[in-house]
file structure.cif (mmCIF, C-alpha atoms and all ligand atoms)
data_target
loop_
_atom_site.label_atom_id
_atom_site.label_comp_id
_atom_site.auth_asym_id
_atom_site.auth_seq_id
_atom_site.Cartn_x
_atom_site.Cartn_y
_atom_site.Cartn_z
CA MET K 1296 158.32 105.89 128.56
CA ALA K 1297 158.19 102.62 126.65
CA ARG K 1298 155.55 102.65 124.00
CA VAL K 1299 153.02 99.85 123.98
CA PRO K 1300 153.08 98.16 120.57
CA ALA K 1301 149.81 98.87 118.78
CA ALA K 1302 148.89 95.20 118.40
CA LEU K 1303 149.35 94.53 122.09
CA TYR K 1304 147.35 97.63 122.98
CA ALA K 1305 144.49 96.48 120.77
CA GLU K 1306 144.57 93.11 122.48
CA ARG K 1307 144.36 94.67 125.92
CA THR K 1308 141.49 96.90 124.87
CA LEU K 1309 139.59 93.94 123.46
CA ALA K 1310 140.27 91.87 126.56
CA SER K 1311 138.78 94.52 128.82
CA TYR K 1312 135.80 95.13 126.51
CA PRO K 1313 133.71 92.02 127.18
CA PHE K 1314 134.21 92.45 130.93
CA ARG K 1315 132.82 95.98 130.80
CA MET K 1316 129.91 94.74 128.70
CA VAL K 1317 129.18 91.97 131.21
CA GLN K 1318 129.36 94.49 134.06
CA ARG K 1319 126.99 96.85 132.28
CA LYS K 1320 124.54 94.07 131.43
CA SER K 1321 124.47 92.93 135.04
CA ARG K 1322 123.91 96.51 136.25
CA ASP K 1323 121.12 96.98 133.67
CA LEU K 1324 119.45 93.74 134.79
CA GLN K 1325 119.59 94.85 138.41
CA THR K 1326 118.02 98.21 137.55
CA ALA K 1327 115.33 96.48 135.49
CA ALA K 1328 114.57 94.00 138.31
CA GLU K 1329 114.19 96.91 140.72
CA SER K 1330 111.86 98.77 138.32
CA ALA K 1331 109.79 95.60 137.93
CA ALA K 1332 109.61 95.18 141.72
CA ARG K 1333 108.39 98.78 142.14
CA ALA K 1334 105.69 98.22 139.46
CA ILE K 1335 104.49 95.04 141.20
CA GLU K 1336 104.47 96.51 144.73
CA SER K 1337 102.43 99.52 143.66
CA ALA K 1338 99.91 97.55 141.55
CA ALA K 1339 96.36 96.70 142.60
CA ALA K 1340 96.13 93.81 140.13
CA LEU K 1341 98.49 91.38 138.41
CA VAL K 1342 98.08 90.08 134.85
CA VAL K 1343 100.41 87.23 133.95
CA THR K 1344 100.80 86.76 130.19
CA ALA K 1345 102.80 83.65 129.33
CA GLY K 1346 104.21 81.95 126.25
CA ALA K 1347 106.32 78.83 125.65
CA GLY K 1348 109.39 80.30 127.40
CA MET K 1349 107.59 79.88 130.75
CA GLY K 1350 107.80 76.09 130.50
CA VAL K 1351 111.48 75.89 129.60
CA ASP K 1352 112.49 76.20 133.29
CA SER K 1353 110.33 73.16 134.05
CA GLY K 1354 112.41 71.23 131.52
CA LEU K 1355 109.86 71.37 128.70
CA PRO K 1356 111.38 71.49 125.22
CA ASP K 1357 111.47 74.68 123.21
CA TYR K 1358 110.11 74.00 119.72
CA ARG K 1359 111.52 77.30 118.44
CA GLY K 1360 112.62 76.72 114.86
CA ASN K 1361 112.78 73.23 113.45
CA GLN K 1362 115.91 72.19 115.34
CA GLY K 1363 114.23 72.01 118.78
CA LEU K 1364 111.28 70.08 117.36
CA TRP K 1365 113.44 67.71 115.33
CA ARG K 1366 115.69 66.95 118.29
CA ALA K 1367 112.57 65.84 120.19
CA TYR K 1368 110.99 64.02 117.21
CA PRO K 1369 113.65 62.91 114.69
CA ARG K 1370 110.92 61.26 112.60
CA LEU K 1371 109.58 64.73 111.74
CA GLN K 1372 113.01 65.74 110.44
CA HIS K 1373 113.02 62.60 108.29
CA LEU K 1374 109.59 63.58 106.92
CA GLY K 1375 110.66 67.24 106.59
CA LEU K 1376 107.73 68.43 108.72
CA SER K 1377 107.86 71.71 110.63
CA PHE K 1378 105.87 72.35 113.82
CA GLU K 1379 103.27 74.28 111.80
CA ALA K 1380 102.94 71.39 109.32
CA MET K 1381 102.60 68.76 112.06
CA ALA K 1382 100.32 70.73 114.38
CA THR K 1383 97.25 70.56 112.14
CA PRO K 1384 93.99 68.62 112.57
CA ALA K 1385 94.43 67.07 109.11
CA TRP K 1386 96.80 64.44 110.56
CA PHE K 1387 93.99 62.98 112.72
CA GLU K 1388 92.37 62.02 109.41
CA ARG K 1389 95.43 61.18 107.35
CA ASN K 1390 97.51 59.41 109.98
CA PRO K 1391 95.81 59.28 113.40
CA ARG K 1392 98.53 57.05 114.88
CA MET K 1393 101.17 59.67 114.09
CA ALA K 1394 98.94 62.56 115.19
CA TRP K 1395 98.25 60.84 118.53
CA ALA K 1396 101.94 59.97 118.97
CA PHE K 1397 102.79 63.68 118.60
CA TYR K 1398 100.03 65.02 120.87
CA GLY K 1399 99.90 62.05 123.25
CA HIS K 1400 103.64 62.21 123.89
CA ARG K 1401 103.46 65.92 124.62
CA ARG K 1402 100.45 65.38 126.88
CA GLN K 1403 102.38 62.76 128.87
CA LEU K 1404 105.40 65.05 129.06
CA TYR K 1405 103.31 67.96 130.38
CA ARG K 1406 101.62 65.67 132.90
CA GLU K 1407 104.94 64.32 134.18
CA THR K 1408 106.60 67.75 134.40
CA GLU K 1409 106.16 69.90 137.48
CA PRO K 1410 105.50 73.65 137.38
CA HIS K 1411 108.55 75.58 138.68
CA ARG K 1412 109.09 78.05 141.53
CA GLY K 1413 108.36 80.94 139.17
CA HIS K 1414 104.69 79.86 139.08
CA ALA K 1415 104.62 79.89 142.91
CA LEU K 1416 106.14 83.40 143.07
CA LEU K 1417 103.60 84.81 140.60
CA LEU K 1418 100.75 83.22 142.56
CA GLU K 1419 102.09 84.68 145.80
CA TRP K 1420 102.28 88.19 144.28
CA GLY K 1421 98.87 87.91 142.64
CA ARG K 1422 97.14 86.81 145.85
CA ALA K 1423 98.55 89.87 147.66
CA MET K 1424 96.89 92.30 145.20
CA PRO K 1425 93.56 93.93 146.17
CA HIS K 1426 92.05 92.96 142.79
CA GLY K 1427 93.88 89.65 142.56
CA TYR K 1428 95.31 88.20 139.36
CA PHE K 1429 94.49 86.73 135.96
CA VAL K 1430 96.60 84.57 133.66
CA PHE K 1431 96.41 84.87 129.87
CA THR K 1432 98.47 82.12 128.24
CA SER K 1433 99.02 80.39 124.92
CA ASN K 1434 100.46 77.38 126.73
CA VAL K 1435 98.30 74.27 126.56
CA ASP K 1436 100.13 72.40 129.34
CA GLY K 1437 97.71 73.28 132.18
CA HIS K 1438 100.64 74.15 134.44
CA PHE K 1439 99.16 77.33 135.95
CA GLU K 1440 96.23 75.36 137.38
CA ARG K 1441 98.58 72.60 138.50
CA ALA K 1442 100.61 75.27 140.34
CA GLY K 1443 97.54 76.34 142.32
CA PHE K 1444 96.15 79.18 140.19
CA SER K 1445 92.36 79.27 140.38
CA ALA K 1446 90.75 77.71 137.27
CA ASP K 1447 88.41 80.71 136.93
CA ARG K 1448 91.42 83.07 136.81
CA VAL K 1449 93.14 81.46 133.83
CA ALA K 1450 92.43 82.15 130.14
CA GLU K 1451 94.02 79.63 127.78
CA CYS K 1452 93.77 81.21 124.33
CA HIS K 1453 94.96 78.02 122.56
CA GLY K 1454 93.01 75.58 124.71
CA ASN K 1455 94.30 72.80 126.94
CA ILE K 1456 95.93 69.53 125.87
CA HIS K 1457 94.38 67.63 128.80
CA ARG K 1458 90.92 67.84 127.23
CA ASN K 1459 89.61 65.97 124.18
CA GLN K 1460 86.98 66.73 121.56
CA CYS K 1461 85.55 64.92 118.53
CA SER K 1462 87.69 65.36 115.41
CA VAL K 1463 84.62 65.58 113.12
CA PRO K 1464 83.22 67.27 115.35
CA CYS K 1465 79.77 65.71 115.67
CA HIS K 1466 79.04 67.61 118.87
CA ASP K 1467 80.32 70.63 120.85
CA ALA K 1468 81.28 68.53 123.87
CA VAL K 1469 84.80 68.51 125.30
CA TRP K 1470 85.87 66.06 127.98
CA PRO K 1471 88.95 65.56 130.18
CA ASP K 1472 91.39 62.98 128.85
CA ALA K 1473 91.00 59.79 130.83
CA GLY K 1474 94.66 59.89 131.82
CA GLU K 1475 95.15 56.72 129.80
CA ASP K 1476 98.73 56.48 128.72
CA LEU K 1477 98.87 55.66 125.07
CA ASP K 1478 101.55 53.22 124.01
CA ILE K 1479 103.76 55.59 122.04
CA ASP K 1480 106.98 54.90 120.20
CA PRO K 1481 108.54 58.39 119.99
CA GLY K 1482 111.28 57.17 117.63
CA LYS K 1483 108.79 55.95 115.01
CA LEU K 1484 106.28 58.60 116.10
CA GLU K 1485 103.56 55.99 116.28
CA ALA K 1486 100.83 55.36 118.87
CA ARG K 1487 99.94 51.68 119.20
CA GLY K 1488 96.77 50.07 120.55
CA PRO K 1489 93.36 51.71 120.79
CA LEU K 1490 93.26 55.48 120.22
CA PRO K 1491 90.86 57.85 122.03
CA THR K 1492 87.49 58.07 120.30
CA CYS K 1493 84.43 60.31 120.49
CA PRO K 1494 81.85 58.84 122.93
CA HIS K 1495 79.03 60.27 120.75
CA CYS K 1496 79.87 59.05 117.24
CA GLY K 1497 82.93 56.80 117.65
CA ALA K 1498 85.15 58.92 115.37
CA ILE K 1499 88.72 59.56 116.39
CA ALA K 1500 89.07 62.10 119.22
CA ARG K 1501 91.66 64.87 119.25
CA PRO K 1502 93.05 67.22 121.91
CA ASN K 1503 91.00 70.38 122.45
CA VAL K 1504 93.88 72.67 121.43
CA LEU K 1505 93.84 75.24 118.67
CA MET K 1506 96.02 73.94 115.83
CA PHE K 1507 97.16 75.53 112.58
CA ASN K 1508 94.50 75.58 109.81
CA ASP K 1509 92.04 74.45 112.41
CA TRP K 1510 88.37 75.08 111.55
CA ASN K 1511 87.08 72.39 113.92
CA TRP K 1512 88.43 73.52 117.24
CA ILE K 1513 85.69 73.77 119.85
CA GLY K 1514 86.53 77.02 121.60
CA ASP K 1515 83.67 77.11 124.13
CA VAL K 1516 85.86 76.65 127.21
CA THR K 1517 88.26 79.36 126.03
CA ALA K 1518 85.32 81.67 125.20
CA ALA K 1519 83.97 81.30 128.75
CA GLN K 1520 87.44 81.97 130.17
CA MET K 1521 87.80 85.05 127.95
CA ALA K 1522 84.42 86.38 129.09
CA ARG K 1523 85.51 86.11 132.75
CA TYR K 1524 88.85 87.74 131.87
CA GLU K 1525 87.21 90.67 130.03
CA ALA K 1526 84.71 91.19 132.88
CA TRP K 1527 87.62 91.37 135.35
CA LEU K 1528 89.48 93.86 133.13
CA GLU K 1529 86.32 95.98 133.02
CA GLU K 1530 86.24 95.92 136.83
CA LEU K 1531 89.83 97.22 136.84
CA ARG K 1532 88.95 99.99 134.38
CA ILE K 1533 86.03 101.14 136.51
CA ALA K 1534 88.16 101.06 139.67
CA GLN K 1535 91.01 102.76 137.79
CA ALA K 1536 93.23 100.14 139.36
CA ARG K 1537 96.94 100.22 138.64
CA VAL K 1538 98.00 97.00 136.90
CA ALA K 1539 101.30 95.16 136.65
CA ILE K 1540 101.55 93.02 133.51
CA VAL K 1541 104.27 90.38 133.81
CA GLU K 1542 104.93 88.75 130.43
CA LEU K 1543 107.05 85.61 130.30
CA GLY K 1544 108.75 83.86 127.39
CA ALA K 1545 106.43 85.10 124.64
CA GLY K 1546 108.16 85.33 121.26
CA THR K 1547 107.56 87.41 118.16
CA ARG K 1548 106.91 84.47 115.81
CA LEU K 1549 103.38 84.00 117.14
CA PRO K 1550 102.84 87.39 118.75
CA THR K 1551 99.37 86.85 120.31
CA ILE K 1552 100.71 87.09 123.86
CA ARG K 1553 102.96 90.10 123.17
CA TYR K 1554 100.07 91.99 121.54
CA GLU K 1555 97.83 91.22 124.50
CA SER K 1556 100.43 92.53 126.98
CA GLN K 1557 100.89 95.71 124.95
CA ARG K 1558 97.13 96.20 124.59
CA LEU K 1559 96.71 95.99 128.38
CA ALA K 1560 99.60 98.39 129.05
CA THR K 1561 97.99 100.92 126.70
CA GLU K 1562 94.33 100.48 127.69
CA LEU K 1563 94.78 100.18 131.44
CA ASP K 1564 96.85 102.09 133.93
CA GLY K 1565 99.50 99.43 133.45
CA THR K 1566 103.22 98.78 133.48
CA LEU K 1567 104.50 95.97 131.27
CA VAL K 1568 107.39 93.86 132.55
CA ARG K 1569 108.65 91.86 129.55
CA ILE K 1570 110.80 88.87 130.50
CA ASN K 1571 112.34 87.29 127.45
CA LEU K 1572 115.85 85.91 127.11
CA ARG K 1573 116.19 86.50 123.35
CA GLU K 1574 113.57 89.11 122.43
CA PRO K 1575 113.18 91.49 125.40
CA GLU K 1576 112.50 94.62 123.30
CA ALA K 1577 109.34 96.42 124.38
CA PRO K 1578 107.62 99.75 123.66
CA GLY K 1579 108.55 102.80 125.76
CA GLY K 1580 107.64 102.74 129.44
CA ALA K 1581 108.02 98.97 129.70
CA VAL K 1582 110.62 97.15 131.78
CA GLU K 1583 112.77 94.74 129.75
CA LEU K 1584 114.49 91.76 131.35
CA ALA K 1585 116.66 89.60 129.07
CA LEU K 1586 116.60 86.53 131.32
CA PRO K 1587 114.90 83.12 131.48
CA ALA K 1588 111.51 83.24 133.24
CA LEU K 1589 112.50 81.65 136.56
CA GLY K 1590 115.78 83.59 136.89
CA ALA K 1591 114.00 86.89 136.26
CA LEU K 1592 111.18 86.18 138.71
CA GLU K 1593 113.63 85.19 141.46
CA ARG K 1594 115.66 88.31 140.80
CA ILE K 1595 112.56 90.51 141.07
CA ASP K 1596 111.39 88.68 144.19
CA ALA K 1597 114.76 89.33 145.85
CA VAL K 1598 114.32 93.11 145.62
CA LEU K 1599 110.61 93.37 146.53
CA ALA K 1600 109.99 95.66 149.50
CA PRO K 1601 109.60 93.88 152.89
CA GLY K 1602 106.15 95.46 153.25
CA PHE K 1603 104.94 93.77 150.05
CA LYS K 1604 106.49 90.43 151.03
CA ARG K 1605 104.59 90.70 154.34
CA ARG K 1606 101.37 91.25 152.39
CA CYS K 1607 102.21 88.14 150.35
CA ARG K 1608 102.66 86.06 153.50
CA ASP K 1609 99.44 87.37 155.07
CA ALA K 1610 97.32 86.98 151.90
ZN ZN K 1701 81.93 62.66 117.39
#
call {"tool": "encode", "arguments": {"input": "structure.cif", "output": "structure tokens"}}
result
Amino acid sequence: MARVPAALYAERTLASYPFRMVQRKSRDLQTAAESAARAIESAAALVVTAGAGMGVDSGLPDYRGNQGLWRAYPRLQHLGLSFEAMATPAWFERNPRMAWAFYGHRRQLYRETEPHRGHALLLEWGRAMPHGYFVFTSNVDGHFERAGFSADRVAECHGNIHRNQCSVPCHDAVWPDAGEDLDIDPGKLEARGPLPTCPHCGAIARPNVLMFNDWNWIGDVTAAQMARYEAWLEELRIAQARVAIVELGAGTRLPTIRYESQRLATELDGTLVRINLREPEAPGGAVELALPALGALERIDAVLAPGFKRRCRDA
């Protein structure tokens, strides 16, 4: 028998290795999607916990690390400003035209971008549950409401960019942005023309989102949402309802959403389904899906039992 030269043998082994890995990954994903589907079908309530990764499938930029941010706003690279350094209320004092260019541009982007089919799938599943659904999100884009989720079933822990407040603030009022499109030069990161002002004192207005080093955020709307959310969770505890927690695109850098998902899985009779392309690792008992949000949700939907899909249609 002719002996295979060692070098050639090594090459063949290496060539077959990635294929086996790909095969295994695909099998693992299928198993995980099926586990997630079983958790959702057998749940009496759905909690959706969502971070920035949820918006990526709608075409929204990912500001992970400075590169994503600087691609979107080259002026910030020139100034050497990170997301954390730019996303502070101090800029509304120091350079309101730049602050409004940054937030106004993002507000326009969120307004012009449509929620994706993943939002529709989650809503369909949630409506089929005896106890319904709740959304807990750090996203300020307002996309869950735009996708048809009931406003009283959404808790936005970082606020909502489509509302304004006074930057001083002289008053606790928040008001919806008038939909006025600011004249923004994204290249220079400068808003031209009149900027939004407070109707009470005339000071510059700012979006009602929680920023870094932000002592002036008016959190009343979020507090009311959180009270409704906690009351609903209490209802689930009393009913001993089984809960499916579907977490989407929530990273470890700002772990608020991940902690919330884990808290729920521990405190309630809950199964956590963690969908995260880069950081899917979750504590024991959780289902991990290393996929983008939309791809994972479609994959789960494809293996849901016909009986549950019928409930979704009838809900
Ligand atoms: Zn004011």
call {"tool": "atom_distance", "arguments": {"input": "structure.cif", "atom1": "atom CA of K:Ile1335", "atom2": "atom CA of K:Ala1522"}}
result
25.0 Å
call {"tool": "closest_atom_pairs", "arguments": {"input": "structure.cif", "of": "chain K", "to": "ligand ZN 1701 (chain K)", "cutoff": "10 Å", "atoms": "all atoms listed in the file", "output": "Markdown table"}}
result
| residue | atom | partner | partner_atom | distance |
| --- | --- | --- | --- | --- |
| K:Gln1460 | CA | K:ZN1701 | ZN | 7.7 |
| K:Cys1461 | CA | K:ZN1701 | ZN | 4.4 |
| K:Ser1462 | CA | K:ZN1701 | ZN | 6.7 |
| K:Val1463 | CA | K:ZN1701 | ZN | 5.8 |
| K:Pro1464 | CA | K:ZN1701 | ZN | 5.2 |
| K:Cys1465 | CA | K:ZN1701 | ZN | 4.1 |
| K:His1466 | CA | K:ZN1701 | ZN | 5.9 |
| K:Asp1467 | CA | K:ZN1701 | ZN | 8.8 |
| K:Ala1468 | CA | K:ZN1701 | ZN | 8.8 |
| K:Thr1492 | CA | K:ZN1701 | ZN | 7.8 |
| K:Cys1493 | CA | K:ZN1701 | ZN | 4.6 |
| K:Pro1494 | CA | K:ZN1701 | ZN | 6.7 |
| K:His1495 | CA | K:ZN1701 | ZN | 5.0 |
| K:Cys1496 | CA | K:ZN1701 | ZN | 4.2 |
| K:Gly1497 | CA | K:ZN1701 | ZN | 6.0 |
| K:Ala1498 | CA | K:ZN1701 | ZN | 5.3 |
| K:Ile1499 | CA | K:ZN1701 | ZN | 7.5 |
| K:Ala1500 | CA | K:ZN1701 | ZN | 7.4 |
call {"tool": "atom_distance", "arguments": {"input": "structure.cif", "atom1": "atom CA of K:Met1506", "atom2": "atom CA of K:Pro1384"}}
result
6.6 Å
call {"tool": "atom_distance", "arguments": {"input": "structure.cif", "atom1": "atom CA of K:Leu1374", "atom2": "atom CA of K:Asn1455"}}
result
26.8 Å
call {"tool": "closest_residue", "arguments": {"input": "structure.cif", "among": "K:Leu1324, K:Val1435, K:Leu1404, K:Val1538", "to": "K:Ala1585", "atoms": "only C-alpha atoms"}}
result
K:Leu1324
call {"tool": "closest_residue", "arguments": {"input": "structure.cif", "among": "K:Gly1350, K:Gly1399, K:Gly1421, K:Gly1514", "to": "K:Asp1476", "atoms": "only C-alpha atoms"}}
result
K:Gly1399
call {"tool": "residues_around", "arguments": {"input": "structure.cif", "residues": "stretch 1548-1559 of chain K", "least_positions_apart": "5", "cutoff": "12 Å", "atoms": "only C-alpha atoms", "output": "PyMOL selection string"}}
result
chain K and resi 1340-1348+1358-1360+1379+1430-1434+1450-1453+1507+1524-1525+1528-1529+1531-1532+1537-1543+1564-1571+1574-1582
call {"tool": "write_last_selection", "arguments": {"input": "structure.cif", "atoms": "C-alpha atoms", "output": "mmCIF file, keeping the file's coordinate frame"}}
result
data_model
loop_
_atom_site.group_PDB
_atom_site.id
_atom_site.type_symbol
_atom_site.label_atom_id
_atom_site.label_comp_id
_atom_site.auth_asym_id
_atom_site.auth_seq_id
_atom_site.Cartn_x
_atom_site.Cartn_y
_atom_site.Cartn_z
ATOM 1 C CA ALA K 1340 96.130 93.810 140.130
ATOM 2 C CA LEU K 1341 98.490 91.380 138.410
ATOM 3 C CA VAL K 1342 98.080 90.080 134.850
ATOM 4 C CA VAL K 1343 100.410 87.230 133.950
ATOM 5 C CA THR K 1344 100.800 86.760 130.190
ATOM 6 C CA ALA K 1345 102.800 83.650 129.330
ATOM 7 C CA GLY K 1346 104.210 81.950 126.250
ATOM 8 C CA ALA K 1347 106.320 78.830 125.650
ATOM 9 C CA GLY K 1348 109.390 80.300 127.400
ATOM 10 C CA TYR K 1358 110.110 74.000 119.720
ATOM 11 C CA ARG K 1359 111.520 77.300 118.440
ATOM 12 C CA GLY K 1360 112.620 76.720 114.860
ATOM 13 C CA GLU K 1379 103.270 74.280 111.800
ATOM 14 C CA VAL K 1430 96.600 84.570 133.660
ATOM 15 C CA PHE K 1431 96.410 84.870 129.870
ATOM 16 C CA THR K 1432 98.470 82.120 128.240
ATOM 17 C CA SER K 1433 99.020 80.390 124.920
ATOM 18 C CA ASN K 1434 100.460 77.380 126.730
ATOM 19 C CA ALA K 1450 92.430 82.150 130.140
ATOM 20 C CA GLU K 1451 94.020 79.630 127.780
ATOM 21 C CA CYS K 1452 93.770 81.210 124.330
ATOM 22 C CA HIS K 1453 94.960 78.020 122.560
ATOM 23 C CA PHE K 1507 97.160 75.530 112.580
ATOM 24 C CA TYR K 1524 88.850 87.740 131.870
ATOM 25 C CA GLU K 1525 87.210 90.670 130.030
ATOM 26 C CA LEU K 1528 89.480 93.860 133.130
ATOM 27 C CA GLU K 1529 86.320 95.980 133.020
ATOM 28 C CA LEU K 1531 89.830 97.220 136.840
ATOM 29 C CA ARG K 1532 88.950 99.990 134.380
ATOM 30 C CA ARG K 1537 96.940 100.220 138.640
ATOM 31 C CA VAL K 1538 98.000 97.000 136.900
ATOM 32 C CA ALA K 1539 101.300 95.160 136.650
ATOM 33 C CA ILE K 1540 101.550 93.020 133.510
ATOM 34 C CA VAL K 1541 104.270 90.380 133.810
ATOM 35 C CA GLU K 1542 104.930 88.750 130.430
ATOM 36 C CA LEU K 1543 107.050 85.610 130.300
ATOM 37 C CA ASP K 1564 96.850 102.090 133.930
ATOM 38 C CA GLY K 1565 99.500 99.430 133.450
ATOM 39 C CA THR K 1566 103.220 98.780 133.480
ATOM 40 C CA LEU K 1567 104.500 95.970 131.270
ATOM 41 C CA VAL K 1568 107.390 93.860 132.550
ATOM 42 C CA ARG K 1569 108.650 91.860 129.550
ATOM 43 C CA ILE K 1570 110.800 88.870 130.500
ATOM 44 C CA ASN K 1571 112.340 87.290 127.450
ATOM 45 C CA GLU K 1574 113.570 89.110 122.430
ATOM 46 C CA PRO K 1575 113.180 91.490 125.400
ATOM 47 C CA GLU K 1576 112.500 94.620 123.300
ATOM 48 C CA ALA K 1577 109.340 96.420 124.380
ATOM 49 C CA PRO K 1578 107.620 99.750 123.660
ATOM 50 C CA GLY K 1579 108.550 102.800 125.760
ATOM 51 C CA GLY K 1580 107.640 102.740 129.440
ATOM 52 C CA ALA K 1581 108.020 98.970 129.700
ATOM 53 C CA VAL K 1582 110.620 97.150 131.780
#
call {"tool": "residues_around", "arguments": {"input": "structure.cif", "residues": "K:Trp1365", "least_positions_apart": "2", "cutoff": "12 Å", "atoms": "only C-alpha atoms", "output": "ChimeraX atom specification"}}
result
/K:1356-1363,1367-1378,1381,1397,1481-1482,1484
